[in-house]
Amino acid sequence: MTSVIRAMRSVGVRSYLVSFPVLGRGAKISVTGTVRLRGGGIPQLYFPGIRDRYFRKIASLFLFGLYCLFRVRPSDHIVVYNFAFEYILGVMVLYFRRQPAILDIEDSPRIDETGFRGAVNRILFPLFCRITATRKLVVSERLAKDLHLKDYCVVYGAIESVPVSRQIDVASHWSQVAGGAPLSLHYGGSLCVETGLDLFCGAVERLFRVVPRDRCYLRIVVTGFGGFGSSDRIKKLQALSKHTGISVEFYGELTRPEYLRLMISCHAALALKLPDSEMGKTTFPSKVVEITSLGLLLISTSVSDVPQLFDRTNAVLLSKASASELASTICSVLNNAADMAGVAIRGRDRAYDLFGQKAVGLMVSDFVLGRRVSKRRVSEKIAQGSRLV
């Protein structure tokens with residue numbers, strides 16, 4: 001959400017973030033006061049935080065409700081990021097004031113999500129759809145169609161323009177691989193079955209058998225976290241990689257600067273969210289935006305809107321989500337390294353066409369402020385004097 005707020009501010013809309021801080025169980029303090037700060041180029045307001053999760057939810061419910069009742073002006077526009085218990089009172093206040101918030105649907109309830117949380121989500125989501133504005137922001141065309149939305153704006157994300165001096169020299173980077181250096185491949189994020197963990201591990205095990213062992217041909221960099229033994233599976237691959245033509249590096253969770261340094265040291269990156277999983281059906285892989293905007297070669301499953309946004313001229317899309325297909329694709333990239341630089345460069349160009357900050361800022365601002373103009377042909381100046389919260 002912060003990238004979209006930043007995009008709207010770049011086109012003159014006075015927007016800011018309102019949020020609730022989360023104090024972990026190990027936090028040294030039990031309560032925080034209201035905090036106002038400016039981070040990442042946007043003003044941010046954080047309500048008081050409470051360490052106890054249940055008290056925090058109740059307090060946040062009333063704090064946001066009071067904020068909407070007393071601080072939100074008639075000219076303001078409120079966007080709520082997804083659906084959460086803490087929003088209910090504030091969203092109802094806005095509904096009865098005939099100033100309904102706009103719901104930003106980043107994912108919808110999953111039928112495979114069981115237990116109390118799944119049940120609550122399946123109650124909250126239709127409630128939020130009912131008491132927010134009829135027009136919605138949504139994460140993908142596929143999800144909009146699945147939800148039968150009629151008035152919506154698809155927002156995949158927003159990326160800032162990077163000066164040429166700071167961009168990766170993609171051609172030079174790939175020429176090293178063509179000259180014999182190992183191909184560096186990134187896989188990361190939330191490491192679980194739905195994001196392709198089985199797919200990845202199966203492919204790497206196949207690559208151990210087919211990649212020559214006379215030198216290191218492939219460097220695999222894994223970052224992120226996950227439950228149910230995911231870290232153990234990556235560490236097992238590390239152990240198996242010894243005396244093969246592949247090195248496996250596992251870094252787990254990193255700071256943002258550390259993570260970016262690792263990312264830009266790579267040539268390509270994997271986005272392996274499974275198309276037929278509930279996660280794949282209900283959201284869009286943000287990794288796709290990140291990978292392509294950095295100039296890395298995107299190797300992705302055909303999940304969500306990815307096949308509609310990218311093709312074989314600017315990305316590498318798997319024909320099916322299988323370990324054998326992924327292993328074969330990585331071998332093909334290794335064997336055709338000289339051609340991959342052009343694909344990566346065209347992928348980056350495509351990313352800036354699709355996710356460029358000002359284009360996204362204009363599109364979202366026009367939609368939120370109620371302007372009925374084309375998403376792709378926005379030319380009139382955004383009205384001054386309105387705030388987006």
# chains A, B, ... in the order shown; residues from 1 in each chain; ligands from 1
>>> residues_around(residues="Arg97 in chain A", least_positions_apart="5", cutoff="9 Å", atoms="only C-alpha atoms", output="PDB file with C-alpha atoms, in the first residue's frame")
ATOM      1  CA  LEU A  69     -16.070  10.049  13.183  1.00  0.00           C
ATOM      2  CA  PRO A  74     -16.369  15.413   4.041  1.00  0.00           C
ATOM      3  CA  MET A  92     -19.567   1.658   9.356  1.00  0.00           C
TER       4      MET A  92
END
>>> residues_around(residues="Phe228 in chain A", least_positions_apart="2", cutoff="10 Å", atoms="only C-alpha atoms", output="list of chain:residue names")
A:Leu191, A:Cys192, A:Val193, A:Gly226, A:Ser230, A:Ser231, A:Asp232, A:Arg233
>>> write_last_selection(atoms="N, CA and C atoms", output="PDB file, in the first residue's frame")
ATOM      1  N   LEU A 191       8.199 -19.173   2.123  1.00  0.00           N
ATOM      2  CA  LEU A 191       8.555 -20.491   1.588  1.00  0.00           C
ATOM      3  C   LEU A 191       7.524 -21.530   2.026  1.00  0.00           C
ATOM      4  N   CYS A 192       6.623 -21.868   1.123  1.00  0.00           N
ATOM      5  CA  CYS A 192       5.583 -22.840   1.438  1.00  0.00           C
ATOM      6  C   CYS A 192       5.144 -23.526   0.149  1.00  0.00           C
ATOM      7  N   VAL A 193       4.292 -24.521   0.285  1.00  0.00           N
ATOM      8  CA  VAL A 193       3.856 -25.293  -0.882  1.00  0.00           C
ATOM      9  C   VAL A 193       3.196 -24.392  -1.915  1.00  0.00           C
ATOM     10  N   GLY A 226       9.521 -19.653   6.379  1.00  0.00           N
ATOM     11  CA  GLY A 226       8.323 -20.472   6.220  1.00  0.00           C
ATOM     12  C   GLY A 226       8.215 -21.466   7.355  1.00  0.00           C
ATOM     13  N   SER A 230      10.233 -25.902   6.215  1.00  0.00           N
ATOM     14  CA  SER A 230      10.727 -25.374   4.940  1.00  0.00           C
ATOM     15  C   SER A 230      12.218 -25.049   5.003  1.00  0.00           C
ATOM     16  N   SER A 231      12.661 -24.461   6.106  1.00  0.00           N
ATOM     17  CA  SER A 231      14.085 -24.145   6.249  1.00  0.00           C
ATOM     18  C   SER A 231      14.933 -25.411   6.223  1.00  0.00           C
ATOM     19  N   ASP A 232      14.432 -26.474   6.855  1.00  0.00           N
ATOM     20  CA  ASP A 232      15.170 -27.741   6.865  1.00  0.00           C
ATOM     21  C   ASP A 232      15.313 -28.302   5.457  1.00  0.00           C
ATOM     22  N   ARG A 233      14.295 -28.111   4.637  1.00  0.00           N
ATOM     23  CA  ARG A 233      14.355 -28.618   3.264  1.00  0.00           C
ATOM     24  C   ARG A 233      15.410 -27.874   2.449  1.00  0.00           C
TER      25      ARG A 233
END
>>> residues_around(residues="Gly295 in chain A", least_positions_apart="5", cutoff="9 Å", atoms="only C-alpha atoms", output="PyMOL selection string")
chain A and resi 167-170+264+267-268+290+344-349
>>> write_last_selection(atoms="C-alpha atoms", output="PDB file, in the first residue's frame")
ATOM      1  CA  GLN A 167      20.283   0.636 -12.879  1.00  0.00           C
ATOM      2  CA  ILE A 168      21.922  -2.750 -13.256  1.00  0.00           C
ATOM      3  CA  ASP A 169      23.918  -3.086 -16.477  1.00  0.00           C
ATOM      4  CA  VAL A 170      21.908  -6.124 -17.497  1.00  0.00           C
ATOM      5  CA  ILE A 264      20.905  -7.408  -7.662  1.00  0.00           C
ATOM      6  CA  HIS A 267      20.713 -12.682 -12.981  1.00  0.00           C
ATOM      7  CA  ALA A 268      17.274 -14.249 -12.703  1.00  0.00           C
ATOM      8  CA  GLU A 290       9.928  -6.658  -7.775  1.00  0.00           C
ATOM      9  CA  ALA A 344      15.532  -9.359 -19.013  1.00  0.00           C
ATOM     10  CA  ILE A 345      15.891  -5.828 -20.426  1.00  0.00           C
ATOM     11  CA  ARG A 346      12.539  -6.056 -22.210  1.00  0.00           C
ATOM     12  CA  GLY A 347      11.030  -7.387 -18.979  1.00  0.00           C
ATOM     13  CA  ARG A 348      12.270  -4.335 -17.094  1.00  0.00           C
ATOM     14  CA  ASP A 349      10.903  -2.011 -19.781  1.00  0.00           C
TER      15      ASP A 349
END
>>> select_by_dssp(residues="range 233-330 of chain A", states="helix (DSSP H, G or I)", output="PyMOL selection string")
chain A and resi 233-240+256-264+278-282+286-293+306-309+323-330
>>> residues_around(residues="Gln238 in chain A", least_positions_apart="5", cutoff="10 Å", atoms="only C-alpha atoms", output="PDB file with C-alpha atoms, in the first residue's frame")
ATOM      1  CA  ILE A 220      21.022 -20.581  -6.175  1.00  0.00           C
ATOM      2  CA  ASP A 232      15.170 -27.741   6.865  1.00  0.00           C
ATOM      3  CA  ARG A 233      14.355 -28.618   3.264  1.00  0.00           C
ATOM      4  CA  ILE A 246      25.447 -26.116  -8.186  1.00  0.00           C
ATOM      5  CA  SER A 247      25.868 -24.034  -5.037  1.00  0.00           C
ATOM      6  CA  VAL A 248      22.899 -23.373  -2.750  1.00  0.00           C
ATOM      7  CA  GLU A 249      23.016 -20.397  -0.373  1.00  0.00           C
ATOM      8  CA  PHE A 250      20.334 -19.889   2.277  1.00  0.00           C
TER       9      PHE A 250
END
>>> select_by_dssp(residues="range 147-361 of chain A", states="strand (DSSP E or B)", output="count of residues only")
35
>>> residues_around(residues="Asn335 in chain A", least_positions_apart="5", cutoff="10 Å", atoms="only C-alpha atoms", output="number ranges by chain")
A: 177-178, 329-330, 340
>>> write_last_selection(atoms="C-alpha atoms", output="mmCIF file, in the first residue's frame")
data_model
loop_
_atom_site.group_PDB
_atom_site.id
_atom_site.type_symbol
_atom_site.label_atom_id
_atom_site.label_comp_id
_atom_site.auth_asym_id
_atom_site.auth_seq_id
_atom_site.Cartn_x
_atom_site.Cartn_y
_atom_site.Cartn_z
ATOM 1 C CA VAL A 177 27.447 -15.994 -17.602
ATOM 2 C CA ALA A 178 28.075 -16.375 -21.321
ATOM 3 C CA THR A 329 13.623 -24.289 -18.122
ATOM 4 C CA ILE A 330 16.596 -23.429 -15.898
ATOM 5 C CA MET A 340 18.625 -13.879 -21.906
#
>>> atom_distance(atom1="CA of Leu297 in chain A", atom2="CA of Phe200 in chain A")
16.7 Å
>>> closest_residue(among="A:Ser108, A:Ser293, A:Gln99, A:Ser19", to="Phe64 in chain A", atoms="only C-alpha atoms")
A:Ser19
>>> atom_distance(atom1="CA of Glu141 in chain A", atom2="CA of Pro126 in chain A")
18.9 Å
>>> closest_residue(among="A:Ala181, A:Ile111, A:Ala323, A:Ile105", to="Leu147 in chain A", atoms="only C-alpha atoms")
A:Ile105
>>> atom_distance(atom1="CA of Cys201 in chain A", atom2="CA of Lys236 in chain A")
9.6 Å
>>> closest_residue(among="A:Val11, A:Ala351, A:Val343, A:Leu326", to="Thr313 in chain A", atoms="only C-alpha atoms")
A:Val343
>>> residues_around(residues="Ile5 in chain A", least_positions_apart="4", cutoff="8 Å", atoms="only C-alpha atoms", output="PyMOL selection string")
chain A and resi 1+9+15-17+42+361
>>> write_last_selection(atoms="N, CA and C atoms", output="PDB file, in the first residue's frame")
ATOM      1  N   MET A   1       0.826  -1.209   0.000  1.00  0.00           N
ATOM      2  CA  MET A   1       0.000   0.000   0.000  1.00  0.00           C
ATOM      3  C   MET A   1       0.856   1.253   0.000  1.00  0.00           C
ATOM      4  N   ARG A   9       0.964  10.516  -4.303  1.00  0.00           N
ATOM      5  CA  ARG A   9       1.600  11.771  -3.902  1.00  0.00           C
ATOM      6  C   ARG A   9       2.455  12.330  -5.041  1.00  0.00           C
ATOM      7  N   SER A  15      -2.033  12.386   0.113  1.00  0.00           N
ATOM      8  CA  SER A  15      -2.419  11.107   0.699  1.00  0.00           C
ATOM      9  C   SER A  15      -1.450  10.723   1.803  1.00  0.00           C
ATOM     10  N   TYR A  16      -1.928   9.976   2.762  1.00  0.00           N
ATOM     11  CA  TYR A  16      -1.056   9.523   3.840  1.00  0.00           C
ATOM     12  C   TYR A  16      -1.556   8.195   4.393  1.00  0.00           C
ATOM     13  N   LEU A  17      -0.710   7.550   5.163  1.00  0.00           N
ATOM     14  CA  LEU A  17      -0.996   6.231   5.713  1.00  0.00           C
ATOM     15  C   LEU A  17      -1.484   6.341   7.150  1.00  0.00           C
ATOM     16  N   ILE A  42       6.406   9.228   2.579  1.00  0.00           N
ATOM     17  CA  ILE A  42       4.988   9.483   2.820  1.00  0.00           C
ATOM     18  C   ILE A  42       4.737   9.753   4.298  1.00  0.00           C
ATOM     19  N   GLY A 361      -0.114   6.224 -10.175  1.00  0.00           N
ATOM     20  CA  GLY A 361      -0.642   7.290  -9.333  1.00  0.00           C
ATOM     21  C   GLY A 361      -1.814   8.005  -9.974  1.00  0.00           C
TER      22      GLY A 361
END
>>> residues_around(residues="range 269-284 of chain A", least_positions_apart="2", cutoff="6 Å", atoms="only C-alpha atoms", output="PDB file with C-alpha atoms, in the first residue's frame")
ATOM      1  CA  ASP A 107      -6.727 -11.170  -1.517  1.00  0.00           C
ATOM      2  CA  SER A 108     -10.087 -12.760  -0.916  1.00  0.00           C
ATOM      3  CA  ARG A 110      -9.646 -18.919   0.688  1.00  0.00           C
ATOM      4  CA  LEU A 143      -9.747 -11.941  -8.953  1.00  0.00           C
ATOM      5  CA  LEU A 185      19.209 -17.520  -9.477  1.00  0.00           C
ATOM      6  CA  HIS A 186      17.044 -16.190  -6.631  1.00  0.00           C
ATOM      7  CA  TYR A 187      14.111 -17.865  -4.910  1.00  0.00           C
ATOM      8  CA  GLU A 194       1.583 -22.608  -2.380  1.00  0.00           C
ATOM      9  CA  THR A 195       4.576 -20.447  -3.354  1.00  0.00           C
ATOM     10  CA  GLY A 196       6.290 -23.351  -5.099  1.00  0.00           C
ATOM     11  CA  LEU A 298      11.581 -13.373 -14.546  1.00  0.00           C
ATOM     12  CA  ILE A 299      10.995 -17.134 -14.466  1.00  0.00           C
ATOM     13  CA  SER A 300       7.376 -17.592 -13.424  1.00  0.00           C
ATOM     14  CA  THR A 301       4.455 -19.957 -13.344  1.00  0.00           C
ATOM     15  CA  VAL A 303      -0.425 -17.693 -12.314  1.00  0.00           C
ATOM     16  CA  SER A 304      -3.075 -14.967 -11.992  1.00  0.00           C
TER      17      SER A 304
END
>>> closest_residue(among="A:Gly115, A:Glu325, A:Pro307, A:Gly179", to="Arg142 in chain A", atoms="only C-alpha atoms")
A:Pro307
>>> decode(residues="range 136-262 of chain A", atoms="C-alpha atoms", output="PDB file, in the first residue's frame")
ATOM      1  CA  LYS A 136     -13.192  -1.434  -5.644  1.00  0.00           C
ATOM      2  CA  LEU A 137      -9.454  -1.504  -5.995  1.00  0.00           C
ATOM      3  CA  VAL A 138      -8.359  -5.067  -6.724  1.00  0.00           C
ATOM      4  CA  VAL A 139      -5.069  -6.912  -7.124  1.00  0.00           C
ATOM      5  CA  SER A 140      -5.769  -8.681 -10.429  1.00  0.00           C
ATOM      6  CA  GLU A 141      -8.197  -8.997 -13.329  1.00  0.00           C
ATOM      7  CA  ARG A 142      -8.629 -12.672 -12.511  1.00  0.00           C
ATOM      8  CA  LEU A 143      -9.747 -11.941  -8.953  1.00  0.00           C
ATOM      9  CA  ALA A 144     -12.079  -9.173 -10.164  1.00  0.00           C
ATOM     10  CA  LYS A 145     -13.757 -11.626 -12.543  1.00  0.00           C
ATOM     11  CA  ASP A 146     -13.958 -14.355  -9.898  1.00  0.00           C
ATOM     12  CA  LEU A 147     -15.673 -11.866  -7.560  1.00  0.00           C
ATOM     13  CA  HIS A 148     -17.953 -10.619 -10.379  1.00  0.00           C
ATOM     14  CA  LEU A 149     -16.895  -7.017  -9.811  1.00  0.00           C
ATOM     15  CA  LYS A 150     -18.295  -4.476 -12.260  1.00  0.00           C
ATOM     16  CA  ASP A 151     -16.659  -1.215 -11.190  1.00  0.00           C
ATOM     17  CA  TYR A 152     -13.012  -1.774 -10.315  1.00  0.00           C
ATOM     18  CA  CYS A 153      -9.436  -0.668 -10.866  1.00  0.00           C
ATOM     19  CA  VAL A 154      -6.624  -3.236 -10.991  1.00  0.00           C
ATOM     20  CA  VAL A 155      -3.484  -2.210  -9.078  1.00  0.00           C
ATOM     21  CA  TYR A 156      -0.533  -4.600  -9.227  1.00  0.00           C
ATOM     22  CA  GLY A 157       1.877  -2.241  -7.483  1.00  0.00           C
ATOM     23  CA  ALA A 158       3.891   0.882  -8.213  1.00  0.00           C
ATOM     24  CA  ILE A 159       7.622   1.318  -8.779  1.00  0.00           C
ATOM     25  CA  GLU A 160       9.716   4.458  -8.707  1.00  0.00           C
ATOM     26  CA  SER A 161      11.809   5.384 -11.717  1.00  0.00           C
ATOM     27  CA  VAL A 162      15.439   4.485 -11.071  1.00  0.00           C
ATOM     28  CA  PRO A 163      18.097   6.807 -12.522  1.00  0.00           C
ATOM     29  CA  VAL A 164      20.115   5.208 -15.317  1.00  0.00           C
ATOM     30  CA  SER A 165      23.249   5.565 -13.169  1.00  0.00           C
ATOM     31  CA  ARG A 166      21.699   3.254 -10.531  1.00  0.00           C
ATOM     32  CA  GLN A 167      20.283   0.636 -12.879  1.00  0.00           C
ATOM     33  CA  ILE A 168      21.922  -2.750 -13.256  1.00  0.00           C
ATOM     34  CA  ASP A 169      23.918  -3.086 -16.477  1.00  0.00           C
ATOM     35  CA  VAL A 170      21.908  -6.124 -17.497  1.00  0.00           C
ATOM     36  CA  ALA A 171      23.840  -6.856 -20.689  1.00  0.00           C
ATOM     37  CA  SER A 172      27.203  -6.751 -18.907  1.00  0.00           C
ATOM     38  CA  HIS A 173      25.813  -8.827 -16.042  1.00  0.00           C
ATOM     39  CA  TRP A 174      24.668 -11.589 -18.394  1.00  0.00           C
ATOM     40  CA  SER A 175      27.837 -11.495 -20.491  1.00  0.00           C
ATOM     41  CA  GLN A 176      29.644 -12.890 -17.444  1.00  0.00           C
ATOM     42  CA  VAL A 177      27.447 -15.994 -17.602  1.00  0.00           C
ATOM     43  CA  ALA A 178      28.075 -16.375 -21.321  1.00  0.00           C
ATOM     44  CA  GLY A 179      31.781 -16.129 -20.478  1.00  0.00           C
ATOM     45  CA  GLY A 180      31.656 -18.996 -17.992  1.00  0.00           C
ATOM     46  CA  ALA A 181      30.596 -17.422 -14.676  1.00  0.00           C
ATOM     47  CA  PRO A 182      27.801 -19.225 -12.790  1.00  0.00           C
ATOM     48  CA  LEU A 183      24.213 -18.167 -13.350  1.00  0.00           C
ATOM     49  CA  SER A 184      22.851 -16.661 -10.110  1.00  0.00           C
ATOM     50  CA  LEU A 185      19.209 -17.520  -9.477  1.00  0.00           C
ATOM     51  CA  HIS A 186      17.044 -16.190  -6.631  1.00  0.00           C
ATOM     52  CA  TYR A 187      14.111 -17.865  -4.910  1.00  0.00           C
ATOM     53  CA  GLY A 188      12.538 -16.325  -1.841  1.00  0.00           C
ATOM     54  CA  GLY A 189       9.683 -14.846   0.102  1.00  0.00           C
ATOM     55  CA  SER A 190       7.238 -16.952   2.055  1.00  0.00           C
ATOM     56  CA  LEU A 191       8.555 -20.491   1.588  1.00  0.00           C
ATOM     57  CA  CYS A 192       5.583 -22.840   1.438  1.00  0.00           C
ATOM     58  CA  VAL A 193       3.856 -25.293  -0.882  1.00  0.00           C
ATOM     59  CA  GLU A 194       1.583 -22.608  -2.380  1.00  0.00           C
ATOM     60  CA  THR A 195       4.576 -20.447  -3.354  1.00  0.00           C
ATOM     61  CA  GLY A 196       6.290 -23.351  -5.099  1.00  0.00           C
ATOM     62  CA  LEU A 197       8.509 -24.884  -2.413  1.00  0.00           C
ATOM     63  CA  ASP A 198       7.867 -28.461  -3.601  1.00  0.00           C
ATOM     64  CA  LEU A 199       8.336 -27.329  -7.185  1.00  0.00           C
ATOM     65  CA  PHE A 200      11.627 -25.644  -6.361  1.00  0.00           C
ATOM     66  CA  CYS A 201      13.075 -28.481  -4.275  1.00  0.00           C
ATOM     67  CA  GLY A 202      12.102 -31.087  -6.857  1.00  0.00           C
ATOM     68  CA  ALA A 203      13.675 -29.065  -9.666  1.00  0.00           C
ATOM     69  CA  VAL A 204      16.941 -28.520  -7.769  1.00  0.00           C
ATOM     70  CA  GLU A 205      17.206 -32.240  -7.006  1.00  0.00           C
ATOM     71  CA  ARG A 206      16.844 -32.949 -10.736  1.00  0.00           C
ATOM     72  CA  LEU A 207      19.449 -30.325 -11.574  1.00  0.00           C
ATOM     73  CA  PHE A 208      21.928 -32.005  -9.217  1.00  0.00           C
ATOM     74  CA  ARG A 209      21.759 -35.040 -11.526  1.00  0.00           C
ATOM     75  CA  VAL A 210      22.026 -33.276 -14.900  1.00  0.00           C
ATOM     76  CA  VAL A 211      24.312 -30.258 -14.391  1.00  0.00           C
ATOM     77  CA  PRO A 212      28.004 -31.146 -14.998  1.00  0.00           C
ATOM     78  CA  ARG A 213      30.217 -31.273 -11.906  1.00  0.00           C
ATOM     79  CA  ASP A 214      33.515 -29.986 -13.318  1.00  0.00           C
ATOM     80  CA  ARG A 215      32.802 -26.446 -12.034  1.00  0.00           C
ATOM     81  CA  CYS A 216      30.008 -24.295 -10.565  1.00  0.00           C
ATOM     82  CA  TYR A 217      27.444 -23.578 -13.277  1.00  0.00           C
ATOM     83  CA  LEU A 218      24.538 -22.441 -11.127  1.00  0.00           C
ATOM     84  CA  ARG A 219      24.388 -20.392  -7.908  1.00  0.00           C
ATOM     85  CA  ILE A 220      21.022 -20.581  -6.175  1.00  0.00           C
ATOM     86  CA  VAL A 221      20.266 -17.909  -3.570  1.00  0.00           C
ATOM     87  CA  VAL A 222      17.338 -18.583  -1.223  1.00  0.00           C
ATOM     88  CA  THR A 223      15.934 -15.967   1.153  1.00  0.00           C
ATOM     89  CA  GLY A 224      12.793 -15.804   3.249  1.00  0.00           C
ATOM     90  CA  PHE A 225      11.021 -17.875   5.845  1.00  0.00           C
ATOM     91  CA  GLY A 226       8.323 -20.472   6.220  1.00  0.00           C
ATOM     92  CA  GLY A 227       6.840 -23.045   8.537  1.00  0.00           C
ATOM     93  CA  PHE A 228       6.466 -26.823   8.493  1.00  0.00           C
ATOM     94  CA  GLY A 229      10.156 -27.569   7.990  1.00  0.00           C
ATOM     95  CA  SER A 230      10.727 -25.374   4.940  1.00  0.00           C
ATOM     96  CA  SER A 231      14.085 -24.145   6.249  1.00  0.00           C
ATOM     97  CA  ASP A 232      15.170 -27.741   6.865  1.00  0.00           C
ATOM     98  CA  ARG A 233      14.355 -28.618   3.264  1.00  0.00           C
ATOM     99  CA  ILE A 234      16.526 -25.790   1.953  1.00  0.00           C
ATOM    100  CA  LYS A 235      19.358 -26.769   4.298  1.00  0.00           C
ATOM    101  CA  LYS A 236      19.097 -30.342   3.016  1.00  0.00           C
ATOM    102  CA  LEU A 237      19.554 -29.034  -0.535  1.00  0.00           C
ATOM    103  CA  GLN A 238      22.608 -27.115   0.679  1.00  0.00           C
ATOM    104  CA  ALA A 239      24.120 -30.329   1.995  1.00  0.00           C
ATOM    105  CA  LEU A 240      23.311 -32.244  -1.192  1.00  0.00           C
ATOM    106  CA  SER A 241      24.857 -29.514  -3.364  1.00  0.00           C
ATOM    107  CA  LYS A 242      28.379 -30.323  -2.206  1.00  0.00           C
ATOM    108  CA  HIS A 243      30.513 -31.814  -4.992  1.00  0.00           C
ATOM    109  CA  THR A 244      27.930 -30.833  -7.642  1.00  0.00           C
ATOM    110  CA  GLY A 245      27.942 -28.094 -10.257  1.00  0.00           C
ATOM    111  CA  ILE A 246      25.447 -26.116  -8.186  1.00  0.00           C
ATOM    112  CA  SER A 247      25.868 -24.034  -5.037  1.00  0.00           C
ATOM    113  CA  VAL A 248      22.899 -23.373  -2.750  1.00  0.00           C
ATOM    114  CA  GLU A 249      23.016 -20.397  -0.373  1.00  0.00           C
ATOM    115  CA  PHE A 250      20.334 -19.889   2.277  1.00  0.00           C
ATOM    116  CA  TYR A 251      20.092 -16.543   4.072  1.00  0.00           C
ATOM    117  CA  GLY A 252      16.685 -16.685   5.721  1.00  0.00           C
ATOM    118  CA  GLU A 253      15.365 -13.304   6.843  1.00  0.00           C
ATOM    119  CA  LEU A 254      17.455 -10.233   5.980  1.00  0.00           C
ATOM    120  CA  THR A 255      17.296  -6.473   6.370  1.00  0.00           C
ATOM    121  CA  ARG A 256      15.985  -4.649   3.319  1.00  0.00           C
ATOM    122  CA  PRO A 257      19.441  -3.362   2.209  1.00  0.00           C
ATOM    123  CA  GLU A 258      20.959  -6.834   2.637  1.00  0.00           C
ATOM    124  CA  TYR A 259      18.134  -8.369   0.661  1.00  0.00           C
ATOM    125  CA  LEU A 260      18.456  -5.889  -2.206  1.00  0.00           C
ATOM    126  CA  ARG A 261      22.217  -6.421  -2.411  1.00  0.00           C
ATOM    127  CA  LEU A 262      21.639 -10.146  -2.808  1.00  0.00           C
TER     128      LEU A 262
END
